[in-house]
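Undergrad: Before I ask anything, let me first share the structure, which is written out below as structure tokens.
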Protein chains: 2
Amino acid sequence: MTRPTPLSGFPEWLPGQRIIEAQLVDRLRGTFELHGFAPLTTRAVEPMEQLLRKGETSKEVYVLRRLQADAEDATDSGLGLHFDLTVPFARYVVENAGKLQFPFRRYQIQPAWRGERPQEGRYREFLQADIDVVDRDELPLHHDVEVVLAAADALSRLPIPPVRIRTNNRKICEGFYRGLGIADPAAALRAVDKLDKIGREAVAKLLVETAGASDAQADACLALGEINSEDVSFVDRVRELKVDDPLLDEGLAELVAVVEAASEHTPGVVVADLSIARGLDYYTGTVYEIALPGFGMSIGAGGRYDNLASAGADRYPGVGISIGVTRLLGVLFGRDALSVSRPVPTCVLVALPAESSRPAADRIATALRRRGIATEVSPDAAKFGKQIRYAQRRGVPYVWFPGEGGDEVKDIRSGEQVAADAATWTPPAADLAPAITTQA
Amino acid sequence: MTRPTPLSGFPEWLPGQRIIEAQLVDRLRGTFELHGFAPLTTRAVEPMEQLLRKGETSKEVYVLRRLQADAEDATDSGLGLHFDLTVPFARYVVENAGKLQFPFRRYQIQPAWRGERPQEGRYREFLQADIDVVDRDELPLHHDVEVVLAAADALSRLPIPPVRIRTNNRKICEGFYRGLGIADPAAALRAVDKLDKIGREAVAKLLVETAGASDAQADACLALGEINSEDVSFVDRVRELKVDDPLLDEGLAELVAVVEAASEHTPGVVVADLSIARGLDYYTGTVYEIALPGFGMSIGAGGRYDNLASAGADRYPGVGISIGVTRLLGVLFGRDALSVSRPVPTCVLVALPAESSRPAADRIATALRRRGIATEVSPDAAKFGKQIRYAQRRGVPYVWFPGEGGDEVKDIRSGEQVAADAATWTPPAADLAPAITTQA
């Protein structure tokens, strides 16, 4: 073959980077399970009618076709790759409702695909880590706290810079716009959602043009979006804007409950930020956005969706958060902010005095592995210096020398070499697995 | 939405089954890493020209198309989903050769997709667990032993019935057919590979019709395929057939080396079986097939491929084994051979005396989680009997009762209830995670 080149938008990691990714994912899984979330995976494909229910993202879907599809078998027509994990999860819950225990808590860590134009932080294939809680009929507000605390806990256990989870409530925006007398509150939400992208001036113009707002109403919308606080003081600042609406009151009460409960467990992590709109999605109450301050980038988002999943008279309201693993790693790798002590799991290389001693070396390796020590046998019986360099190039910390009078093991970083028995020798715990270092 | 129904060929597990799958995959990963294999993932898509190099499977490829692809952006044209993990791995090695250390050992656990007609053990989406070793220019034979021992070790640590890994060498078949004077040895290989499917008579007929064999030659081919042994006695039985060929000698020597080394480490697991042909693939030497005796099904396969990956003058010979995780689980779930103690990770449910005590209950949960005990807080402050039944339905073993005079914890299986402190109480290790039971 000619030497292949990377595909834009489909990132692949080198072995050391992949070890970092695997460790991060394992820590996320561990924390999610500590919070009682069960692992779940769904198939990669969904019928197109499921994928197109959300509208806006439809243009980004990858559609499948069998290369040699025949007329008699049309079962694959109309399948596409999922573009997030929320839509498949909602479908799974409705499909399996009779076999699930509600409230149903699950985490799901899988790739998703979007045919978007690739750019920094945007991929065509990317790994997502989602947690959600879904109940039947009603889902109490304390679950909105539960998912954000589980996500904050999981992120705090990763070797990454501290995150900030900005929280708002869609009812605050919608109630405020309605109380203000804006003709089209939904259009106002979509306009304000563009604040980060197009700036104040342009949003004000959009509010006037698309939402039917007066200049004064547009100013009030922008003033609401500027409110944020680490505690519940945002309520007083909203009240100062003198807008009255029952939905606004409901939204404020809900956001107070989330911020109060979260600030006790994770002070300074979960903050109220009334600029977060997430206008184009299926959210109906609390919304979250996970920021990586200093990197100017959102690495996750989520919220409450009361109407995503239903079948007949059955309704399954949910709330969840999605962490963009590929996006997070992409930005950290791009700034050399993470490194790993070695790109292989191997802790010990058993050296070979001669090719004929391979069976004996294999027995040593078996004894070490049995006690949880990752071990390779040298690929050849080259001079010991060359075998040591083989270990060095991979960052393998120990080389084992079989000997007729007894074995020895060398720490090739310090050069220290001691007598050792494969049935009892144990390296320091820190050397057992590759260790991640954070430079950021 | 109307209640969705499953898609044939795209299996999805219920939460308890998914916990079993996750534990099996974690054990495979753990063993592969003990043997020095590094984790790797590749993107799900490959250019069609990579996917079509193998020929035979081309008709099973799923091709991608962006729903709203436009003329100016043709970057997605010609992408398909990978149908195995070997082809993408070979492509990855050639693409990144300058950044890898050889010999390069990796494991890869990802879904693959084939548009085949679904049937028992055949899926359109399925999880594979692969290990491979690739080197530059030459790959010594001891790696053929290394991968089969790592796979046997990994499978022996799973809660599944014992497997048998049947091994052969393509050089034995090709050399034997050549030594026998058969006109088209490749056609003979393809014919013999159908033995399990179409039986002796039909294969004999095929040998005569497609490979140009005489009746006597066809009989000899079938006699070779009937040879198998747990030790190296297969050599004498081949010699009794009185065929002479240097390639046959080479193949016999290689298979002896693999079976001898494997039988020391895993007696009775790796056996010689000269009926294994794997005729339609890219294998050039050792071939493996993993059988689950008593289930009449192959759950994995692999072999040596000396010519799969190359670029210009660089050649990257490899050897590997692939375990069909979905296939294995599908057959075991289908016979109710595996069960799990609970479909949730949760070990402790903290009961709520009143909704107002949720913050205190959250603090107890945090203290337990900090010490690695998976904990949920009750979704509501119903009567304790109802909260206990919530735990029972999920198989959660412990319910925690916060009390003003001190907390208590109840093992709801035995009914035993004791005073407990969230800072120190620890359940038996066996209760920490869901436990798998094997009925087979």
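Identifiers in this document derive from the order of the structure tokens: chains are assigned A, B, ..., residues are numbered from 1 separately in each chain, and ligands are numbered from 1 in order of occurrence.
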For Tyr92 in chain A, list every protein, DNA or RNA residue within 9 Å, evaluated using only C-alpha atoms, and leave out those in the same chain fewer than 6 positions away; present the list as a PyMOL selection string.

TA: (chain A and resi 42) or (chain B and resi 4+12)

Undergrad: Please tabulate, as JSON lines, the residues of chain A that come within 7 Å of chain B, each with its closest pair of atoms and the distance in Å to one decimal, counting only C-alpha atoms and ordering rows by chain, then residue number upward.

TA:
```
{"residue": "A:Met1", "atom": "CA", "partner": "B:Ala311", "partner_atom": "CA", "distance": 5.3}
{"residue": "A:Thr2", "atom": "CA", "partner": "B:Ala311", "partner_atom": "CA", "distance": 5.4}
{"residue": "A:Arg3", "atom": "CA", "partner": "B:Ala311", "partner_atom": "CA", "distance": 5.5}
{"residue": "A:Pro4", "atom": "CA", "partner": "B:Glu95", "partner_atom": "CA", "distance": 5.2}
{"residue": "A:Thr5", "atom": "CA", "partner": "B:Glu95", "partner_atom": "CA", "distance": 6.3}
{"residue": "A:Phe10", "atom": "CA", "partner": "B:Arg43", "partner_atom": "CA", "distance": 6.3}
{"residue": "A:Glu12", "atom": "CA", "partner": "B:Thr42", "partner_atom": "CA", "distance": 5.9}
{"residue": "A:Pro15", "atom": "CA", "partner": "B:Leu40", "partner_atom": "CA", "distance": 6.3}
{"residue": "A:Arg18", "atom": "CA", "partner": "B:Leu40", "partner_atom": "CA", "distance": 6.0}
{"residue": "A:Ile19", "atom": "CA", "partner": "B:Pro39", "partner_atom": "CA", "distance": 6.3}
{"residue": "A:Glu33", "atom": "CA", "partner": "B:Pro345", "partner_atom": "CA", "distance": 5.6}
{"residue": "A:Leu34", "atom": "CA", "partner": "B:Ala374", "partner_atom": "CA", "distance": 3.7}
{"residue": "A:His35", "atom": "CA", "partner": "B:Thr375", "partner_atom": "CA", "distance": 5.6}
{"residue": "A:Gly36", "atom": "CA", "partner": "B:Thr346", "partner_atom": "CA", "distance": 4.7}
{"residue": "A:Phe37", "atom": "CA", "partner": "B:Pro345", "partner_atom": "CA", "distance": 6.8}
{"residue": "A:Ala38", "atom": "CA", "partner": "B:Val344", "partner_atom": "CA", "distance": 5.1}
{"residue": "A:Pro39", "atom": "CA", "partner": "B:Ile19", "partner_atom": "CA", "distance": 6.4}
{"residue": "A:Leu40", "atom": "CA", "partner": "B:Arg18", "partner_atom": "CA", "distance": 6.0}
{"residue": "A:Thr42", "atom": "CA", "partner": "B:Glu12", "partner_atom": "CA", "distance": 5.9}
{"residue": "A:Arg43", "atom": "CA", "partner": "B:Phe10", "partner_atom": "CA", "distance": 6.3}
{"residue": "A:Lys59", "atom": "CA", "partner": "B:Gln68", "partner_atom": "CA", "distance": 5.2}
{"residue": "A:Glu60", "atom": "CA", "partner": "B:Leu67", "partner_atom": "CA", "distance": 6.7}
{"residue": "A:Val61", "atom": "CA", "partner": "B:Leu67", "partner_atom": "CA", "distance": 5.7}
{"residue": "A:Tyr62", "atom": "CA", "partner": "B:Arg66", "partner_atom": "CA", "distance": 4.6}
{"residue": "A:Val63", "atom": "CA", "partner": "B:Arg65", "partner_atom": "CA", "distance": 5.2}
{"residue": "A:Leu64", "atom": "CA", "partner": "B:Leu64", "partner_atom": "CA", "distance": 5.0}
{"residue": "A:Arg65", "atom": "CA", "partner": "B:Val63", "partner_atom": "CA", "distance": 5.2}
{"residue": "A:Arg66", "atom": "CA", "partner": "B:Tyr62", "partner_atom": "CA", "distance": 4.6}
{"residue": "A:Leu67", "atom": "CA", "partner": "B:Val61", "partner_atom": "CA", "distance": 5.7}
{"residue": "A:Gln68", "atom": "CA", "partner": "B:Lys59", "partner_atom": "CA", "distance": 5.2}
{"residue": "A:Arg91", "atom": "CA", "partner": "B:Pro4", "partner_atom": "CA", "distance": 6.9}
{"residue": "A:Val94", "atom": "CA", "partner": "B:Arg3", "partner_atom": "CA", "distance": 6.2}
{"residue": "A:Glu95", "atom": "CA", "partner": "B:Pro4", "partner_atom": "CA", "distance": 5.2}
{"residue": "A:Gly115", "atom": "CA", "partner": "B:Arg66", "partner_atom": "CA", "distance": 6.1}
{"residue": "A:Ser310", "atom": "CA", "partner": "B:Met1", "partner_atom": "CA", "distance": 6.0}
{"residue": "A:Ala311", "atom": "CA", "partner": "B:Met1", "partner_atom": "CA", "distance": 5.3}
{"residue": "A:Gly312", "atom": "CA", "partner": "B:Thr2", "partner_atom": "CA", "distance": 6.8}
{"residue": "A:Val344", "atom": "CA", "partner": "B:Ala38", "partner_atom": "CA", "distance": 5.1}
{"residue": "A:Pro345", "atom": "CA", "partner": "B:Gly36", "partner_atom": "CA", "distance": 5.6}
{"residue": "A:Thr346", "atom": "CA", "partner": "B:Gly36", "partner_atom": "CA", "distance": 4.7}
{"residue": "A:Arg369", "atom": "CA", "partner": "B:Leu34", "partner_atom": "CA", "distance": 5.7}
{"residue": "A:Gly372", "atom": "CA", "partner": "B:Leu34", "partner_atom": "CA", "distance": 6.8}
{"residue": "A:Ile373", "atom": "CA", "partner": "B:Leu34", "partner_atom": "CA", "distance": 6.3}
{"residue": "A:Ala374", "atom": "CA", "partner": "B:Leu34", "partner_atom": "CA", "distance": 3.7}
{"residue": "A:Thr375", "atom": "CA", "partner": "B:His35", "partner_atom": "CA", "distance": 5.6}
{"residue": "A:Glu376", "atom": "CA", "partner": "B:Gly36", "partner_atom": "CA", "distance": 5.5}
```

Undergrad: So that I can check the secondary structure, give me every residue of range 148-375 of chain B assigned alpha helix (DSSP H) by backbone DSSP, as JSON, numbers by chain.

TA: {"B": [148, 149, 150, 151, 152, 153, 154, 155, 156, 170, 171, 172, 173, 174, 175, 176, 177, 178, 179, 180, 185, 186, 187, 188, 189, 190, 191, 192, 195, 196, 197, 198, 199, 200, 201, 202, 203, 204, 205, 206, 207, 208, 209, 210, 211, 215, 216, 217, 218, 219, 220, 221, 222, 223, 224, 225, 234, 235, 236, 237, 238, 239, 246, 247, 248, 249, 250, 251, 252, 253, 254, 255, 256, 257, 258, 259, 260, 261, 262, 263, 264, 265, 325, 326, 327, 328, 329, 330, 331, 332, 333, 334, 358, 359, 360, 361, 362, 363, 364, 365, 366, 367, 368, 369, 370]}

Undergrad: Looking only at the backbone, which of the residues in range 144-391 of chain B does DSSP tag as strand (DSSP E), as a ChimeraX atom specification?

TA: /B:164-169,228-229,270-273,286-292,297-311,314-324,338-340,348-350,375-377

Undergrad: Set the distance at 6 Å and use only C-alpha atoms: which residues neighbour Ala188 in chain B once local chain neighbours fewer than 3 positions away are removed? I'd like the list as a list in words.

TA: Pro185, Ala191, Leu207 and Ala211 of chain B

Undergrad: Would you pick out the contacts of range 398-412 of chain A at 8 Å or less, using only C-alpha atoms, so that residues sharing its chain but fewer than 2 positions from it are not included, and give the list as a ChimeraX atom specification?

TA: /A:347-353,361,388,391-392,396,414-421

Undergrad: I'd like the contact shell of range 266-283 of chain B - 8 Å cut-off, only C-alpha atoms, skipping same-chain residues fewer than 4 positions apart - returned as an MDAnalysis selection string.

TA: chainID B and resid 54 56 148:149 152:153 163:170 173 186 189:190 192:193 195 224:232 234 255 259 262 287:289 303:308

Undergrad: Can you measure CA of Glu201 in chain B to CA of Cys221 in chain B for me? One decimal in Å is fine.

TA: 12.3 Å

Undergrad: Could you work out how far CA of Asp132 in chain B lies from CA of Val319 in chain B, giving the answer in Å with one decimal?

TA: 5.6 Å

Undergrad: Could you check the closest approach to Asp314 in chain A for each of A:Asp336, A:Asp84, A:Asp130, A:Glu138 and tell me which residue wins, using only C-alpha atoms?

TA: A:Glu138

Undergrad: So the first atom is CA of Glu120 in chain B and the second is CA of Ile321 in chain B; what is the distance between them in Å, to one decimal place?

TA: 21.8 Å

Undergrad: List the neighbours of range 174-183 of chain A out to 10 Å using only C-alpha atoms; skip same-chain residues closer than 4 positions along the sequence, and give me the result as an MDAnalysis selection string.

TA: chainID A and resid 169:170 187:189 207:208 210:214 216:218 220:221 224 238 241:252 277 284:285

Undergrad: Using only C-alpha atoms, pick whichever of A:Ser298, A:Ser341, A:Ser356, A:Gln23 has the shortest atom-to-atom distance to Pro159 in chain A.

TA: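 The shortest atom-to-atom distance to Pro159 in chain A comes from A:Gln23.
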